[in-house]
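Enquirer: I have a structure here, written as structure tokens, and I will follow up with some questions on it.
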Amino acid sequence: DIYTSSKKIEDMVLLEEQTLEKLLVDVSRLGDDQARSYFSEFYQGRIIKVKARQRDVLLDYLKHPNGVYLTMKQFVADYKGIRSVLNTKDEITKDFSVVATEDDLAGARKSFIRLQEVYGLEPRDMIRGNYLGYSGPALSVLDAFQVGQVAFSEGKLNSSASWLEATLDLKRNSSSWSNEYPSEGQIIALLGRAHLRMKHDDIAENLFRKSVILDPSNGDAFELRKELQTKPRVSENILNENEKNFRSLCSLQNKLKTGKFDPRLVCKYSVASPPYNRFKQEVISISPYVCLYYQVITDDEGTHIIDFTRKKLDRGKTERGGASVRSESRTSELSFVYDRESEVVQRMGQKVAAITKLDTSQDPSGFPFTGEPFQVVNYGMGGHYDVHLDPFDGDARKNNLDVMENCGNRLATFLIYLNEVDVGGSTAFTSADLVVKPVKNMALFWYSFTPAGELENTTYHAACPVVIGHKWVTNKWIWTYGNTFKRRCGLTANATQYDIEQDMINGWV
Ligand SMILES: O=C(O)CCC(=O)C(=O)O
Ligand SMILES: [Fe+2]
């Protein structure tokens, strides 16, 4: 996928010259004169356009969801012809993997819906390019209609109706009179189908009549005619508490725990193990224990770990039914870096140990292990991660019994933000009522188990969709194995990390 990584979207555009040069070489190797002459013509026209681009203008454009969408759409259209000529050749297919496809556009339409739903945006504003006060390019009638279609087919009927109403307004107000698809009648018919599914039968009847007058032959009117007899219904997905909280926290972007003043929530210098001295720490929640550490890495370290993984990014997956699968619940691209792959990254791992007083020294290349390799994650257009817990549970647990028996589970998460996101992209703790906005080089740290070894059910968290800008994070999961004598027990079953923190700093187990 391309749309799931801001890096891949940028590369598609900024490194297009390299892609073209590579294609030129690979096509010439085919020994197929027709293919060569076809590509040569494409190349001549394209390279002029590519060279005329302005890097800064483009980078700015690609911070905006509409800019990303329209850029991908342009690439899909521009490469369609050459793709269909050359795609039959295996040697060439991989060269095209850096160019967006119809699948990316389909994914991006779902991102629009997610942004709308999570942040309560109005499709009208989004179509105009207005996202929470940030402006960008506008979408066309067809673009907006296609988003409405996706929402419809996903059973998100309220959302579909508001996209279609906005599409209709745009169609009516567009100055150019045209028979361009979709017609007004078609938009109205699909809107009717959405209303019918929401049990608004009268509205649907009404829209049907309007639709056939305007465009008697449109496919959606045809469907709607049948459906007015069969009355298909779809009930809207009801959000659970976590999902509702997710939306309100994401909109807030940055908020610490609600409730009474708590003198334990402090900013202080936390003493680290040698060779480090101390780090600025902010305790933001006692139970679950969550804190922030500022300036935990240098800009150079952050750049290094990003550079190390930028060529290896792959779609983030989730565990389902015994397999690791792509899913709409996690839209990002990621890669892992092991200590042995880079001295800089190994030192970063040692720094995590010095700050947390936990052992991170062995990664899964040795077994059993204490720390996972750093996971580096890049989010693209509307990129997010739904509410989840980090420790292995359910299927993930069943499929990794050997690991679970030998290494325990993910005890704690140390998540470092590698850049600042213009709008969105916060990390939300949906049960603990916390939300943290990314600050470059700042770490978010929490324990997923209590000192008594119980799972902290209050550490449900999620990555809010990125609205404007990009998001890069890296995290290390620290396991129970190897930390048996580092993370001490509490004196009571209810003890929280707060109660034992000072003892850990003092090195008392
Ligand atoms: O990116 C974030 O803010 C959170 C990511 C996360 O929860 C994860 O990768 O497990
Ligand atoms: Fe997580």
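In the structure tokens, each chain is lettered A, B, ... as it comes, each chain's residues begin at 1, and ligands are numbered from 1 in order of appearance.
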For the alpha helix (DSSP H) assignment from backbone DSSP, which residues of segment 282-432 of chain A qualify? Please present them as a PDB file with N, CA, C and O atoms, in the first residue's frame.
Expert:
```
ATOM      1  N   ASP A 299      17.942  14.487  17.952  1.00  0.00           N
ATOM      2  CA  ASP A 299      17.400  14.565  16.585  1.00  0.00           C
ATOM      3  C   ASP A 299      18.126  13.575  15.677  1.00  0.00           C
ATOM      4  O   ASP A 299      17.515  12.934  14.822  1.00  0.00           O
ATOM      5  N   ASP A 300      19.452  13.460  15.874  1.00  0.00           N
ATOM      6  CA  ASP A 300      20.238  12.558  15.020  1.00  0.00           C
ATOM      7  C   ASP A 300      19.808  11.102  15.192  1.00  0.00           C
ATOM      8  O   ASP A 300      19.733  10.348  14.233  1.00  0.00           O
ATOM      9  N   GLU A 301      19.544  10.723  16.441  1.00  0.00           N
ATOM     10  CA  GLU A 301      19.100   9.344  16.672  1.00  0.00           C
ATOM     11  C   GLU A 301      17.754   9.090  15.990  1.00  0.00           C
ATOM     12  O   GLU A 301      17.537   8.041  15.376  1.00  0.00           O
ATOM     13  N   GLY A 302      16.867  10.073  16.101  1.00  0.00           N
ATOM     14  CA  GLY A 302      15.555   9.944  15.464  1.00  0.00           C
ATOM     15  C   GLY A 302      15.679   9.825  13.951  1.00  0.00           C
ATOM     16  O   GLY A 302      15.051   8.961  13.322  1.00  0.00           O
ATOM     17  N   THR A 303      16.508  10.680  13.373  1.00  0.00           N
ATOM     18  CA  THR A 303      16.708  10.629  11.923  1.00  0.00           C
ATOM     19  C   THR A 303      17.305   9.291  11.522  1.00  0.00           C
ATOM     20  O   THR A 303      16.911   8.675  10.527  1.00  0.00           O
ATOM     21  N   HIS A 304      18.249   8.815  12.343  1.00  0.00           N
ATOM     22  CA  HIS A 304      18.909   7.543  12.038  1.00  0.00           C
ATOM     23  C   HIS A 304      17.916   6.389  11.988  1.00  0.00           C
ATOM     24  O   HIS A 304      17.905   5.601  11.046  1.00  0.00           O
ATOM     25  N   ILE A 305      17.064   6.317  12.990  1.00  0.00           N
ATOM     26  CA  ILE A 305      16.156   5.159  13.045  1.00  0.00           C
ATOM     27  C   ILE A 305      15.112   5.237  11.929  1.00  0.00           C
ATOM     28  O   ILE A 305      14.709   4.211  11.361  1.00  0.00           O
ATOM     29  N   ILE A 306      14.729   6.452  11.556  1.00  0.00           N
ATOM     30  CA  ILE A 306      13.807   6.589  10.416  1.00  0.00           C
ATOM     31  C   ILE A 306      14.513   6.163   9.121  1.00  0.00           C
ATOM     32  O   ILE A 306      13.990   5.366   8.341  1.00  0.00           O
ATOM     33  N   ASP A 307      15.737   6.676   8.933  1.00  0.00           N
ATOM     34  CA  ASP A 307      16.478   6.332   7.707  1.00  0.00           C
ATOM     35  C   ASP A 307      16.716   4.830   7.616  1.00  0.00           C
ATOM     36  O   ASP A 307      16.714   4.259   6.532  1.00  0.00           O
ATOM     37  N   PHE A 308      16.929   4.234   8.762  1.00  0.00           N
ATOM     38  CA  PHE A 308      17.222   2.808   8.791  1.00  0.00           C
ATOM     39  C   PHE A 308      16.060   1.969   8.282  1.00  0.00           C
ATOM     40  O   PHE A 308      16.248   0.908   7.718  1.00  0.00           O
ATOM     41  N   THR A 309      14.849   2.469   8.498  1.00  0.00           N
ATOM     42  CA  THR A 309      13.689   1.646   8.167  1.00  0.00           C
ATOM     43  C   THR A 309      12.940   2.108   6.926  1.00  0.00           C
ATOM     44  O   THR A 309      12.053   1.427   6.462  1.00  0.00           O
ATOM     45  N   GLU A 343      24.384   0.195  15.747  1.00  0.00           N
ATOM     46  CA  GLU A 343      24.949   0.568  17.053  1.00  0.00           C
ATOM     47  C   GLU A 343      24.140   1.693  17.699  1.00  0.00           C
ATOM     48  O   GLU A 343      23.945   1.712  18.907  1.00  0.00           O
ATOM     49  N   VAL A 344      23.700   2.616  16.858  1.00  0.00           N
ATOM     50  CA  VAL A 344      22.930   3.756  17.379  1.00  0.00           C
ATOM     51  C   VAL A 344      21.641   3.258  18.026  1.00  0.00           C
ATOM     52  O   VAL A 344      21.271   3.679  19.122  1.00  0.00           O
ATOM     53  N   VAL A 345      20.982   2.333  17.336  1.00  0.00           N
ATOM     54  CA  VAL A 345      19.718   1.818  17.838  1.00  0.00           C
ATOM     55  C   VAL A 345      19.949   0.980  19.102  1.00  0.00           C
ATOM     56  O   VAL A 345      19.173   1.024  20.047  1.00  0.00           O
ATOM     57  N   GLN A 346      21.031   0.264  19.127  1.00  0.00           N
ATOM     58  CA  GLN A 346      21.375  -0.509  20.330  1.00  0.00           C
ATOM     59  C   GLN A 346      21.547   0.433  21.529  1.00  0.00           C
ATOM     60  O   GLN A 346      21.051   0.161  22.621  1.00  0.00           O
ATOM     61  N   ARG A 347      22.209   1.562  21.281  1.00  0.00           N
ATOM     62  CA  ARG A 347      22.392   2.539  22.371  1.00  0.00           C
ATOM     63  C   ARG A 347      21.051   3.124  22.812  1.00  0.00           C
ATOM     64  O   ARG A 347      20.826   3.380  23.985  1.00  0.00           O
ATOM     65  N   MET A 348      20.161   3.304  21.846  1.00  0.00           N
ATOM     66  CA  MET A 348      18.827   3.816  22.210  1.00  0.00           C
ATOM     67  C   MET A 348      18.133   2.831  23.151  1.00  0.00           C
ATOM     68  O   MET A 348      17.457   3.225  24.101  1.00  0.00           O
ATOM     69  N   GLY A 349      18.304   1.546  22.880  1.00  0.00           N
ATOM     70  CA  GLY A 349      17.715   0.511  23.737  1.00  0.00           C
ATOM     71  C   GLY A 349      18.309   0.562  25.138  1.00  0.00           C
ATOM     72  O   GLY A 349      17.597   0.402  26.144  1.00  0.00           O
ATOM     73  N   GLN A 350      19.624   0.826  25.201  1.00  0.00           N
ATOM     74  CA  GLN A 350      20.271   0.922  26.519  1.00  0.00           C
ATOM     75  C   GLN A 350      19.760   2.142  27.279  1.00  0.00           C
ATOM     76  O   GLN A 350      19.629   2.122  28.503  1.00  0.00           O
ATOM     77  N   LYS A 351      19.451   3.174  26.527  1.00  0.00           N
ATOM     78  CA  LYS A 351      18.931   4.382  27.165  1.00  0.00           C
ATOM     79  C   LYS A 351      17.533   4.108  27.755  1.00  0.00           C
ATOM     80  O   LYS A 351      17.221   4.553  28.851  1.00  0.00           O
ATOM     81  N   VAL A 352      16.738   3.342  27.012  1.00  0.00           N
ATOM     82  CA  VAL A 352      15.410   2.979  27.525  1.00  0.00           C
ATOM     83  C   VAL A 352      15.577   2.222  28.844  1.00  0.00           C
ATOM     84  O   VAL A 352      14.855   2.459  29.821  1.00  0.00           O
ATOM     85  N   ALA A 353      16.559   1.319  28.889  1.00  0.00           N
ATOM     86  CA  ALA A 353      16.807   0.552  30.112  1.00  0.00           C
ATOM     87  C   ALA A 353      17.244   1.481  31.245  1.00  0.00           C
ATOM     88  O   ALA A 353      16.798   1.345  32.384  1.00  0.00           O
ATOM     89  N   ALA A 354      18.094   2.444  30.919  1.00  0.00           N
ATOM     90  CA  ALA A 354      18.604   3.365  31.944  1.00  0.00           C
ATOM     91  C   ALA A 354      17.474   4.226  32.515  1.00  0.00           C
ATOM     92  O   ALA A 354      17.476   4.557  33.695  1.00  0.00           O
ATOM     93  N   ILE A 355      16.528   4.579  31.680  1.00  0.00           N
ATOM     94  CA  ILE A 355      15.420   5.422  32.133  1.00  0.00           C
ATOM     95  C   ILE A 355      14.409   4.618  32.939  1.00  0.00           C
ATOM     96  O   ILE A 355      13.948   5.044  33.994  1.00  0.00           O
ATOM     97  N   THR A 356      14.062   3.430  32.433  1.00  0.00           N
ATOM     98  CA  THR A 356      12.971   2.654  33.050  1.00  0.00           C
ATOM     99  C   THR A 356      13.465   1.745  34.168  1.00  0.00           C
ATOM    100  O   THR A 356      12.649   1.209  34.921  1.00  0.00           O
ATOM    101  N   GLY A 394      -5.840 -13.540  23.672  1.00  0.00           N
ATOM    102  CA  GLY A 394      -6.695 -14.263  22.719  1.00  0.00           C
ATOM    103  C   GLY A 394      -5.884 -15.068  21.725  1.00  0.00           C
ATOM    104  O   GLY A 394      -5.020 -15.860  22.117  1.00  0.00           O
ATOM    105  N   ASP A 395      -6.150 -14.825  20.432  1.00  0.00           N
ATOM    106  CA  ASP A 395      -5.479 -15.582  19.371  1.00  0.00           C
ATOM    107  C   ASP A 395      -3.966 -15.400  19.405  1.00  0.00           C
ATOM    108  O   ASP A 395      -3.210 -16.348  19.217  1.00  0.00           O
ATOM    109  N   ALA A 396      -3.545 -14.145  19.628  1.00  0.00           N
ATOM    110  CA  ALA A 396      -2.110 -13.866  19.618  1.00  0.00           C
ATOM    111  C   ALA A 396      -1.420 -14.718  20.683  1.00  0.00           C
ATOM    112  O   ALA A 396      -0.317 -15.213  20.501  1.00  0.00           O
ATOM    113  N   ARG A 397      -2.106 -14.919  21.791  1.00  0.00           N
ATOM    114  CA  ARG A 397      -1.565 -15.697  22.887  1.00  0.00           C
ATOM    115  C   ARG A 397      -1.495 -17.175  22.512  1.00  0.00           C
ATOM    116  O   ARG A 397      -0.461 -17.832  22.684  1.00  0.00           O
ATOM    117  N   LYS A 398      -2.599 -17.649  21.960  1.00  0.00           N
ATOM    118  CA  LYS A 398      -2.676 -19.076  21.586  1.00  0.00           C
ATOM    119  C   LYS A 398      -1.621 -19.440  20.555  1.00  0.00           C
ATOM    120  O   LYS A 398      -1.057 -20.519  20.585  1.00  0.00           O
ATOM    121  N   LEU A 401       2.314 -19.678  22.168  1.00  0.00           N
ATOM    122  CA  LEU A 401       2.403 -20.276  23.508  1.00  0.00           C
ATOM    123  C   LEU A 401       3.841 -20.471  23.957  1.00  0.00           C
ATOM    124  O   LEU A 401       4.174 -20.250  25.123  1.00  0.00           O
ATOM    125  N   ASP A 402       4.701 -20.852  23.015  1.00  0.00           N
ATOM    126  CA  ASP A 402       6.088 -21.089  23.357  1.00  0.00           C
ATOM    127  C   ASP A 402       6.732 -19.797  23.870  1.00  0.00           C
ATOM    128  O   ASP A 402       7.411 -19.781  24.902  1.00  0.00           O
ATOM    129  N   VAL A 403       6.473 -18.722  23.131  1.00  0.00           N
ATOM    130  CA  VAL A 403       7.015 -17.416  23.533  1.00  0.00           C
ATOM    131  C   VAL A 403       6.434 -17.006  24.886  1.00  0.00           C
ATOM    132  O   VAL A 403       7.155 -16.552  25.779  1.00  0.00           O
ATOM    133  N   MET A 404       5.135 -17.198  25.043  1.00  0.00           N
ATOM    134  CA  MET A 404       4.478 -16.782  26.269  1.00  0.00           C
ATOM    135  C   MET A 404       5.048 -17.545  27.476  1.00  0.00           C
ATOM    136  O   MET A 404       5.261 -16.978  28.538  1.00  0.00           O
ATOM    137  N   GLU A 405       5.282 -18.839  27.272  1.00  0.00           N
ATOM    138  CA  GLU A 405       5.788 -19.660  28.377  1.00  0.00           C
ATOM    139  C   GLU A 405       7.195 -19.252  28.774  1.00  0.00           C
ATOM    140  O   GLU A 405       7.549 -19.250  29.938  1.00  0.00           O
ATOM    141  N   ASN A 406       7.996 -18.898  27.787  1.00  0.00           N
ATOM    142  CA  ASN A 406       9.396 -18.599  28.070  1.00  0.00           C
ATOM    143  C   ASN A 406       9.673 -17.141  28.395  1.00  0.00           C
ATOM    144  O   ASN A 406      10.636 -16.843  29.087  1.00  0.00           O
ATOM    145  N   CYS A 407       8.884 -16.253  27.847  1.00  0.00           N
ATOM    146  CA  CYS A 407       9.219 -14.829  27.990  1.00  0.00           C
ATOM    147  C   CYS A 407       8.160 -14.032  28.741  1.00  0.00           C
ATOM    148  O   CYS A 407       8.351 -12.865  29.012  1.00  0.00           O
TER     149      CYS A 407
END
```
Enquirer: Kindly provide the residues of chain A that approach ligand 2 to within 12 Å, each paired with its closest atom pair and their distance in Å to one decimal, based on only C-alpha atoms and all ligand atoms, listed by chain and increasing number, as a tab-separated table.
Expert:
```
residue	atom	partner	partner_atom_place_in_ligand_line	distance
A:Gly316	CA	ligand 2	1 (Fe)	11.9
A:Thr318	CA	ligand 2	1 (Fe)	11.1
A:Arg330	CA	ligand 2	1 (Fe)	10.5
A:Gln375	CA	ligand 2	1 (Fe)	11.0
A:Val377	CA	ligand 2	1 (Fe)	11.2
A:His384	CA	ligand 2	1 (Fe)	10.9
A:Tyr385	CA	ligand 2	1 (Fe)	7.9
A:Asp386	CA	ligand 2	1 (Fe)	9.0
A:Val387	CA	ligand 2	1 (Fe)	8.1
A:His388	CA	ligand 2	1 (Fe)	6.3
A:Leu389	CA	ligand 2	1 (Fe)	6.0
A:Asp390	CA	ligand 2	1 (Fe)	4.8
A:Pro391	CA	ligand 2	1 (Fe)	8.6
A:Phe392	CA	ligand 2	1 (Fe)	10.9
A:Arg410	CA	ligand 2	1 (Fe)	10.5
A:Ala412	CA	ligand 2	1 (Fe)	10.3
A:Thr413	CA	ligand 2	1 (Fe)	7.8
A:Phe414	CA	ligand 2	1 (Fe)	10.0
A:Leu415	CA	ligand 2	1 (Fe)	8.9
A:Thr427	CA	ligand 2	1 (Fe)	9.0
A:Ala428	CA	ligand 2	1 (Fe)	10.0
A:Phe429	CA	ligand 2	1 (Fe)	9.9
A:Thr430	CA	ligand 2	1 (Fe)	11.9
A:Leu444	CA	ligand 2	1 (Fe)	11.1
A:Phe445	CA	ligand 2	1 (Fe)	11.1
A:Trp446	CA	ligand 2	1 (Fe)	10.4
A:Tyr447	CA	ligand 2	1 (Fe)	11.5
A:Ser448	CA	ligand 2	1 (Fe)	10.2
A:Thr459	CA	ligand 2	1 (Fe)	9.1
A:Tyr460	CA	ligand 2	1 (Fe)	8.1
A:His461	CA	ligand 2	1 (Fe)	6.3
A:Ala462	CA	ligand 2	1 (Fe)	6.5
A:Ala463	CA	ligand 2	1 (Fe)	7.8
A:Cys464	CA	ligand 2	1 (Fe)	11.6
A:Val473	CA	ligand 2	1 (Fe)	11.3
A:Thr474	CA	ligand 2	1 (Fe)	11.1
A:Asn475	CA	ligand 2	1 (Fe)	9.1
A:Lys476	CA	ligand 2	1 (Fe)	10.6
A:Trp477	CA	ligand 2	1 (Fe)	9.5
```
Enquirer: Restrict the calculation to only C-alpha atoms, then for each residue of segment 139-234 of chain A with any atom at most 10 Å from an atom of segment 63-81 of chain A give the closest atom pair and their distance in Å to one decimal, rows by chain and rising residue number, as CSV.
Expert:
```
residue,atom,partner,partner_atom,distance
A:Leu139,CA,A:Asn66,CA,6.9
A:Ser140,CA,A:Leu70,CA,9.6
A:Asp143,CA,A:Leu70,CA,9.0
```
Enquirer: Using only C-alpha atoms and all ligand atoms, which of the listed residues (A:Thr480, A:Ser431, A:Gln497, A:Thr331) sits closest to ligand 1?
Expert: A:Thr331
Enquirer: Which polymer residues have any atom within 8 Å of an atom of Gly155 of chain A, counting only C-alpha atoms, with same-chain residues fewer than 5 positions away left out, as a VMD selection string?
Expert: chain A and resid 234 to 236
Enquirer: Check segment 188-331 of chain A with DSSP on the backbone and list each residue it calls strand (DSSP E), as an MDAnalysis selection string.
Expert: chainID A and resid 267:271 278:285 290:293 314:315 317:320 323:326 330:331
Enquirer: Kindly indicate which residue among A:Thr370, A:Asp202, A:Leu207, A:Glu227 lies nearest to Gly185 of chain A, using only C-alpha atoms for the distances.
Expert: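 So, comparing all the options, the nearest one is A:Leu207.
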Enquirer: Restricting the calculation to only C-alpha atoms and all ligand atoms, which member of A:Leu142, A:Ala495, A:Val467, A:Leu334 is positioned closest to ligand 1?
Expert: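 Counting only C-alpha atoms and all ligand atoms, the residue closest to ligand 1 is A:Leu334.
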Enquirer: Give me the residues near Ile188 of chain A as a ChimeraX atom specification, where near means some atom within 9 Å (using only C-alpha atoms) and where sequence neighbours in that chain fewer than 3 positions away do not count.
Expert: /A:164-165,168,183-185,191-193,207-208,210-211,220-221
Enquirer: Which of these residues is nearest to ligand 1, using only C-alpha atoms and all ligand atoms: A:Val376, A:Ala432, A:Leu228, A:Val150?
Expert: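 Closest to ligand 1 of all the choices is A:Val376.
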Enquirer: Work out how far atom CA of Pro137 of chain A is from atom CA of Leu121 of chain A, in Å to one decimal.
Expert: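 Atom CA of Pro137 of chain A lies 16.3 Å from atom CA of Leu121 of chain A.
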Enquirer: Taking 3 positions as the minimum chain separation for residues in the same chain, which residues sit within 12 Å of Leu86 of chain A when counting only C-alpha atoms? Answer as an NGL selection string.
Expert: :A and (23-24 or 26-28 or 30 or 32 or 34-39 or 42 or 79-83 or 89-96)
Enquirer: With N, CA and C atoms retained, export the selected residues as a PDB file, in the first residue's frame.
Expert:
```pdb
ATOM      1  N   LEU A  23      12.621   2.121 -14.720  1.00  0.00           N
ATOM      2  CA  LEU A  23      11.744   1.527 -15.727  1.00  0.00           C
ATOM      3  C   LEU A  23      12.423   1.542 -17.103  1.00  0.00           C
ATOM      4  N   LEU A  24      13.108   2.637 -17.374  1.00  0.00           N
ATOM      5  CA  LEU A  24      13.781   2.777 -18.674  1.00  0.00           C
ATOM      6  C   LEU A  24      14.773   1.632 -18.884  1.00  0.00           C
ATOM      7  N   ASP A  26      14.871  -1.272 -17.186  1.00  0.00           N
ATOM      8  CA  ASP A  26      14.209  -2.584 -17.172  1.00  0.00           C
ATOM      9  C   ASP A  26      13.423  -2.854 -18.455  1.00  0.00           C
ATOM     10  N   VAL A  27      12.810  -1.809 -18.998  1.00  0.00           N
ATOM     11  CA  VAL A  27      12.058  -1.998 -20.245  1.00  0.00           C
ATOM     12  C   VAL A  27      13.022  -2.293 -21.403  1.00  0.00           C
ATOM     13  N   SER A  28      14.183  -1.616 -21.398  1.00  0.00           N
ATOM     14  CA  SER A  28      15.131  -1.861 -22.498  1.00  0.00           C
ATOM     15  C   SER A  28      15.667  -3.294 -22.449  1.00  0.00           C
ATOM     16  N   LEU A  30      13.948  -5.850 -21.771  1.00  0.00           N
ATOM     17  CA  LEU A  30      12.915  -6.812 -22.180  1.00  0.00           C
ATOM     18  C   LEU A  30      13.118  -7.308 -23.614  1.00  0.00           C
ATOM     19  N   ASP A  32      11.723  -6.035 -26.148  1.00  0.00           N
ATOM     20  CA  ASP A  32      10.403  -5.976 -26.790  1.00  0.00           C
ATOM     21  C   ASP A  32      10.272  -4.572 -27.392  1.00  0.00           C
ATOM     22  N   GLN A  34       8.105  -2.993 -29.189  1.00  0.00           N
ATOM     23  CA  GLN A  34       6.855  -2.259 -29.050  1.00  0.00           C
ATOM     24  C   GLN A  34       6.742  -1.647 -27.647  1.00  0.00           C
ATOM     25  N   ALA A  35       7.063  -2.473 -26.640  1.00  0.00           N
ATOM     26  CA  ALA A  35       7.018  -1.986 -25.258  1.00  0.00           C
ATOM     27  C   ALA A  35       7.988  -0.828 -25.083  1.00  0.00           C
ATOM     28  N   ARG A  36       9.172  -0.986 -25.697  1.00  0.00           N
ATOM     29  CA  ARG A  36      10.184   0.047 -25.555  1.00  0.00           C
ATOM     30  C   ARG A  36       9.724   1.367 -26.170  1.00  0.00           C
ATOM     31  N   SER A  37       9.151   1.308 -27.323  1.00  0.00           N
ATOM     32  CA  SER A  37       8.756   2.569 -27.972  1.00  0.00           C
ATOM     33  C   SER A  37       7.569   3.191 -27.220  1.00  0.00           C
ATOM     34  N   TYR A  38       6.691   2.360 -26.712  1.00  0.00           N
ATOM     35  CA  TYR A  38       5.561   2.880 -25.939  1.00  0.00           C
ATOM     36  C   TYR A  38       6.068   3.577 -24.676  1.00  0.00           C
ATOM     37  N   PHE A  39       7.007   2.925 -24.004  1.00  0.00           N
ATOM     38  CA  PHE A  39       7.501   3.517 -22.759  1.00  0.00           C
ATOM     39  C   PHE A  39       8.313   4.776 -23.043  1.00  0.00           C
ATOM     40  N   PHE A  42       6.091   7.667 -23.276  1.00  0.00           N
ATOM     41  CA  PHE A  42       5.585   8.015 -21.945  1.00  0.00           C
ATOM     42  C   PHE A  42       6.658   8.767 -21.154  1.00  0.00           C
ATOM     43  N   TYR A  79      -0.600   6.805 -14.962  1.00  0.00           N
ATOM     44  CA  TYR A  79       0.132   5.553 -15.165  1.00  0.00           C
ATOM     45  C   TYR A  79      -0.744   4.413 -15.686  1.00  0.00           C
ATOM     46  N   LYS A  80      -2.025   4.695 -15.834  1.00  0.00           N
ATOM     47  CA  LYS A  80      -2.942   3.618 -16.206  1.00  0.00           C
ATOM     48  C   LYS A  80      -2.561   2.943 -17.528  1.00  0.00           C
ATOM     49  N   GLY A  81      -2.332   3.783 -18.530  1.00  0.00           N
ATOM     50  CA  GLY A  81      -2.020   3.255 -19.856  1.00  0.00           C
ATOM     51  C   GLY A  81      -0.734   2.457 -19.870  1.00  0.00           C
ATOM     52  N   ILE A  82       0.325   3.055 -19.349  1.00  0.00           N
ATOM     53  CA  ILE A  82       1.635   2.406 -19.399  1.00  0.00           C
ATOM     54  C   ILE A  82       1.636   1.131 -18.551  1.00  0.00           C
ATOM     55  N   ARG A  83       0.882   1.169 -17.490  1.00  0.00           N
ATOM     56  CA  ARG A  83       0.756  -0.006 -16.635  1.00  0.00           C
ATOM     57  C   ARG A  83       0.120  -1.159 -17.388  1.00  0.00           C
ATOM     58  N   LYS A  89       4.491  -8.014 -17.788  1.00  0.00           N
ATOM     59  CA  LYS A  89       5.903  -8.441 -17.664  1.00  0.00           C
ATOM     60  C   LYS A  89       6.317  -8.457 -16.202  1.00  0.00           C
ATOM     61  N   ASP A  90       6.644  -9.625 -15.723  1.00  0.00           N
ATOM     62  CA  ASP A  90       7.020  -9.774 -14.312  1.00  0.00           C
ATOM     63  C   ASP A  90       8.183  -8.879 -13.899  1.00  0.00           C
ATOM     64  N   GLU A  91       9.135  -8.690 -14.835  1.00  0.00           N
ATOM     65  CA  GLU A  91      10.342  -7.922 -14.498  1.00  0.00           C
ATOM     66  C   GLU A  91       9.986  -6.475 -14.179  1.00  0.00           C
ATOM     67  N   ILE A  92       8.827  -6.032 -14.627  1.00  0.00           N
ATOM     68  CA  ILE A  92       8.458  -4.623 -14.527  1.00  0.00           C
ATOM     69  C   ILE A  92       7.518  -4.353 -13.352  1.00  0.00           C
ATOM     70  N   THR A  93       6.731  -5.351 -13.010  1.00  0.00           N
ATOM     71  CA  THR A  93       5.680  -5.149 -12.011  1.00  0.00           C
ATOM     72  C   THR A  93       6.195  -4.491 -10.737  1.00  0.00           C
ATOM     73  N   LYS A  94       7.385  -4.937 -10.288  1.00  0.00           N
ATOM     74  CA  LYS A  94       7.878  -4.400  -9.002  1.00  0.00           C
ATOM     75  C   LYS A  94       8.249  -2.915  -9.113  1.00  0.00           C
ATOM     76  N   ASP A  95       8.644  -2.482 -10.311  1.00  0.00           N
ATOM     77  CA  ASP A  95       8.959  -1.052 -10.496  1.00  0.00           C
ATOM     78  C   ASP A  95       7.725  -0.184 -10.253  1.00  0.00           C
ATOM     79  N   PHE A  96       6.572  -0.751 -10.562  1.00  0.00           N
ATOM     80  CA  PHE A  96       5.326   0.003 -10.393  1.00  0.00           C
ATOM     81  C   PHE A  96       4.808  -0.012  -8.955  1.00  0.00           C
TER      82      PHE A  96
END
```
Enquirer: Skip Asp1 of chain A itself and residues of its chain fewer than 4 positions away, then list as a list of chain:residue names all residues within 9 Å of it, counting only C-alpha atoms.
Expert: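 My reading of the contact set: A:Ser5, A:Lys8, A:Ser97, A:Val98, A:Ala100, A:Thr101, A:Asp103, A:Asp104, A:Gly107, A:Asp314, A:Arg315, A:Glu333.
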Enquirer: Measuring atom to atom with only C-alpha atoms, identify which of A:Ile187, A:Ala108, A:Pro368, A:Leu224 is nearest to Ala204 of chain A.
Expert: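 Comparing A:Ile187, A:Ala108, A:Pro368, A:Leu224 against Ala204 of chain A, the winner is A:Leu224.
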Enquirer: If you count only C-alpha atoms, which residues fall within 12 Å of Asp503 of chain A, apart from same-chain ones fewer than 5 positions away, as a ChimeraX atom specification?
Expert: /A:357,486-491,497-498,508-509
Enquirer: Using only C-alpha atoms for the distances, tell me which of A:Asn483, A:Asp33, A:Asp499, A:Ala443 is nearest to Phe369 of chain A.
Expert: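 Among A:Asn483, A:Asp33, A:Asp499, A:Ala443, it is A:Asn483 that comes nearest to Phe369 of chain A.
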Enquirer: Have a look at atom CA of Pro373 of chain A and atom CA of Gly482 of chain A and let me know their distance in Å, one decimal.
Expert: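 Taking atom CA of Pro373 of chain A as the start and atom CA of Gly482 of chain A as the end point, the length is 15.1 Å.
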